[in-house]
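Student: Mind looking over this structure? Questions follow.
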Amino acid sequence: MKKIQEPNKLPLTFKYIEFIDRKKVFSGKGKMLFIQCEKYQTDFYIRERPLKALIRML
Amino acid sequence: MILIISNNKETTTTEVIKWLSVMEKKYIRIHEDEFFEIKILENRIFLESDCNSFFLDEIKSVWFRRGGLKFKRFQYNNPSINLHMNEVQHWLEDYVIKTLESKKGINKKSSSLVNKLFVLEKAKEIGLDVPNYFLTDNTHDIELHKTITKTISGNSMIENIDESTDAIMYTSLIEDREEASFFISFFQEKIDKDFEIRSFYLNGKLWSTAILSQNDEQTKIDYRKYNSNIPNRNVGYKLPNEIEEKADKLMKLLNLNCGSIDFIKSGDRFYFLEINPTGQFLGLSITCNYNLDKEIASYL
């Protein structure tokens, strides 16, 4: 557990804070790939995996 | 032309845009990192950033999703002239924002940041059941195991708390007393719930989902602590008309025409928790086949 150290008092919600490791979120099985997409005007278009059921149907 | 004010990473915006493309509606999506210069072109107000440009009068509707419209400002060497020109530029920007907010649209920058405490007061005035709440900086008088704490900030996420980490503050049950005092915090009576309800509101209509989070230790206090192994069951739900009417009244009072509203059902009572005008709704929309992305695209 990381410790937050601040000179001033923080709300009690900080006692219950949970940390999320971004490396874990963006790696492994649940990895999300973002690509640039001109049509939808974003740099963060999620490259989705086709649904398993759809692959089976194909 | 539809103006969409959003964030680059905002995936819900992309899903709505997919529908706009299908409906052959023209749109401009602007992001948080764009700064617009206000110009005059062909005797019309023209806004230009590094990657987007549009005439103010060609915008027919606006979706304020997240972020905001930001402007480039010129600086002047003489401090007095600089002060004066800051004001001149402010009024020009204000005119652009007010003009956009007067058009047909979904939410407004000026009303999208709601104060949770103010909203609870107004909800009570309207007659919605609200669990007892209070602010304090110590736990002396708090009833343990029967009180929760949550942030009064609109965003419970703290991004980049250090180089590789984000942090999130979930609703938490108070089980121990604190010896020391802390920064003023929000506390609320814990309600034993039958289930949670998240409703999406758009122009007087509500689409609700019951979130059966009460039987899982991980999700019983805050359903956003998703259990990916055994996910909560979510089902379409219809709130009683009386609750829907009060929710509609509250949204109108807050000058919001879109947002997500959280309730808890306990026995025959529906407790109002909070409103999130820019909350995520696509997950529940997909589960319940509500097609809310299509609803938004149709309205714009």
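The way I read the labels, and the way they are meant: chains A, B, ... in the order of the structure tokens, residue 1 as the first residue of every chain, and ligand 1 as the first ligand shown, with later ones counted on from there.
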Within 7 Å of chain B, which residues belong to chain A? Use only C-alpha atoms and report them as a list in words.
Tutor: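 Contact residues on the first chain: Lys9, Leu10, Pro11, Leu12, Thr13, Phe14, Tyr16, Ile17, Glu18, Phe19, Ile20, Asp21, Arg22, Lys23, Tyr40, Gln41, Thr42, Asp43 and Phe44 of chain A.
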Student: Apply DSSP to the structure's backbone, then extract all residues of segment 112-297 of chain B labelled helix (DSSP H, G or I) and return them as a ChimeraX atom specification.
Tutor: /B:112,116-126,241-253,282-287,292-297
Student: If you keep N, CA and C atoms, can you produce a file of those selected residues as a compact mmCIF listing (two decimals), in the first residue's frame?
Tutor:
```txt
# COMPACT_ATOMS: atom_id res chain seq x y z
N SER B 112 -23.01 22.15 -15.62
CA SER B 112 -22.69 20.72 -15.59
C SER B 112 -21.90 20.30 -14.35
N LYS B 116 -22.60 18.43 -4.90
CA LYS B 116 -23.33 17.31 -4.30
C LYS B 116 -24.17 17.74 -3.10
N LEU B 117 -23.63 18.64 -2.28
CA LEU B 117 -24.34 19.07 -1.07
C LEU B 117 -25.59 19.87 -1.43
N PHE B 118 -25.45 20.75 -2.41
CA PHE B 118 -26.57 21.57 -2.88
C PHE B 118 -27.66 20.68 -3.50
N VAL B 119 -27.20 19.68 -4.27
CA VAL B 119 -28.14 18.77 -4.93
C VAL B 119 -28.95 17.99 -3.89
N LEU B 120 -28.29 17.55 -2.82
CA LEU B 120 -28.99 16.80 -1.76
C LEU B 120 -30.05 17.68 -1.09
N GLU B 121 -29.69 18.93 -0.85
CA GLU B 121 -30.66 19.86 -0.23
C GLU B 121 -31.89 20.02 -1.12
N LYS B 122 -31.62 20.22 -2.42
CA LYS B 122 -32.73 20.43 -3.36
C LYS B 122 -33.57 19.17 -3.50
N ALA B 123 -32.91 17.99 -3.48
CA ALA B 123 -33.63 16.72 -3.60
C ALA B 123 -34.60 16.57 -2.42
N LYS B 124 -34.13 16.95 -1.24
CA LYS B 124 -34.98 16.86 -0.04
C LYS B 124 -36.17 17.81 -0.18
N GLU B 125 -35.89 19.03 -0.65
CA GLU B 125 -36.96 20.03 -0.81
C GLU B 125 -38.04 19.53 -1.78
N ILE B 126 -37.60 18.81 -2.80
CA ILE B 126 -38.54 18.31 -3.81
C ILE B 126 -39.35 17.13 -3.27
N ASN B 241 -43.71 6.14 -11.03
CA ASN B 241 -43.94 7.44 -11.68
C ASN B 241 -43.64 8.61 -10.76
N GLU B 242 -44.02 8.46 -9.49
CA GLU B 242 -43.83 9.55 -8.53
C GLU B 242 -42.34 9.89 -8.39
N ILE B 243 -41.49 8.88 -8.35
CA ILE B 243 -40.04 9.11 -8.22
C ILE B 243 -39.50 9.73 -9.51
N GLU B 244 -39.99 9.22 -10.64
CA GLU B 244 -39.54 9.77 -11.93
C GLU B 244 -39.92 11.25 -12.05
N GLU B 245 -41.12 11.57 -11.60
CA GLU B 245 -41.58 12.98 -11.69
C GLU B 245 -40.72 13.88 -10.81
N LYS B 246 -40.37 13.39 -9.60
CA LYS B 246 -39.53 14.19 -8.71
C LYS B 246 -38.11 14.33 -9.27
N ALA B 247 -37.61 13.26 -9.87
CA ALA B 247 -36.27 13.31 -10.48
C ALA B 247 -36.25 14.33 -11.62
N ASP B 248 -37.32 14.33 -12.40
CA ASP B 248 -37.45 15.28 -13.52
C ASP B 248 -37.47 16.72 -13.00
N LYS B 249 -38.21 16.92 -11.91
CA LYS B 249 -38.30 18.25 -11.30
C LYS B 249 -36.93 18.71 -10.81
N LEU B 250 -36.20 17.78 -10.21
CA LEU B 250 -34.86 18.10 -9.68
C LEU B 250 -33.90 18.47 -10.81
N MET B 251 -33.93 17.69 -11.89
CA MET B 251 -33.03 17.97 -13.02
C MET B 251 -33.35 19.34 -13.62
N LYS B 252 -34.63 19.65 -13.73
CA LYS B 252 -35.04 20.94 -14.30
C LYS B 252 -34.59 22.08 -13.38
N LEU B 253 -34.74 21.86 -12.08
CA LEU B 253 -34.33 22.88 -11.11
C LEU B 253 -32.81 23.15 -11.22
N LEU B 282 -22.79 3.96 -20.85
CA LEU B 282 -22.86 3.02 -21.97
C LEU B 282 -22.93 1.57 -21.53
N GLY B 283 -22.20 1.23 -20.44
CA GLY B 283 -22.19 -0.16 -19.97
C GLY B 283 -23.60 -0.64 -19.67
N LEU B 284 -24.34 0.16 -18.88
CA LEU B 284 -25.70 -0.22 -18.51
C LEU B 284 -26.64 -0.15 -19.71
N SER B 285 -26.36 0.79 -20.60
CA SER B 285 -27.16 0.91 -21.83
C SER B 285 -27.06 -0.35 -22.67
N ILE B 286 -25.84 -0.88 -22.76
CA ILE B 286 -25.63 -2.11 -23.55
C ILE B 286 -26.34 -3.28 -22.87
N THR B 287 -26.18 -3.37 -21.53
CA THR B 287 -26.80 -4.48 -20.79
C THR B 287 -28.32 -4.50 -20.99
N LEU B 292 -28.68 4.17 -25.59
CA LEU B 292 -28.65 5.58 -25.18
C LEU B 292 -27.74 6.42 -26.07
N ASP B 293 -26.71 5.79 -26.64
CA ASP B 293 -25.84 6.51 -27.58
C ASP B 293 -26.65 6.95 -28.81
N LYS B 294 -27.57 6.09 -29.24
CA LYS B 294 -28.44 6.42 -30.37
C LYS B 294 -29.44 7.51 -29.98
N GLU B 295 -29.95 7.43 -28.75
CA GLU B 295 -30.91 8.44 -28.26
C GLU B 295 -30.26 9.83 -28.30
N ILE B 296 -29.00 9.90 -27.83
CA ILE B 296 -28.30 11.20 -27.81
C ILE B 296 -28.07 11.70 -29.24
N ALA B 297 -27.61 10.79 -30.09
CA ALA B 297 -27.36 11.18 -31.49
C ALA B 297 -28.64 11.65 -32.16
```
Student: In Å, how far is it from atom CA of Phe263 of chain B to atom CA of Glu196 of chain B?
Tutor: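 Those two atoms sit 5.9 Å apart.
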Student: When you count only C-alpha atoms, which of these residues is closest to Lys225 of chain B: B:Gly127, B:Phe195, B:Ser213, B:Tyr237?
Tutor: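 Checking each of B:Gly127, B:Phe195, B:Ser213, B:Tyr237 against Lys225 of chain B, counting only C-alpha atoms, the winner is B:Ser213.
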Student: Of the candidates B:Ser266, B:Gln89, B:Ser208, B:Asn227, which one gets nearest to Asp194 of chain B if we count only C-alpha atoms?
Tutor: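 Checking each candidate against Asp194 of chain B, we get B:Ser266 as the closest.
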Student: Between atom CA of Leu100 of chain B and atom CA of Asp57 of chain B, what is the spacing in Å?
Tutor: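 A separation of 9.1 Å between them.
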Student: Running DSSP on the backbone, which parts of segment 18-201 of chain B land in strand (DSSP E), as a PyMOL selection string?
Tutor: chain B and resi 27-30+35-41+44-48+53-55+61-64+70-71+104-106+133-136+147-150+157-162+165-168+172-173+185-189+195-201
Student: Between B:Gln75, B:Ser298, B:Thr219, B:Thr12, single out the one closest to Asn232 of chain B, counting only C-alpha atoms.
Tutor: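 Using only C-alpha atoms, the shortest distance to Asn232 of chain B belongs to B:Thr219.
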Student: Give me, please, the distance in Å between atom CA of Asp50 of chain B and atom CA of Glu32 of chain B, quoted to one decimal.
Tutor: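 Between atom CA of Asp50 of chain B and atom CA of Glu32 of chain B the gap works out to 12.5 Å.
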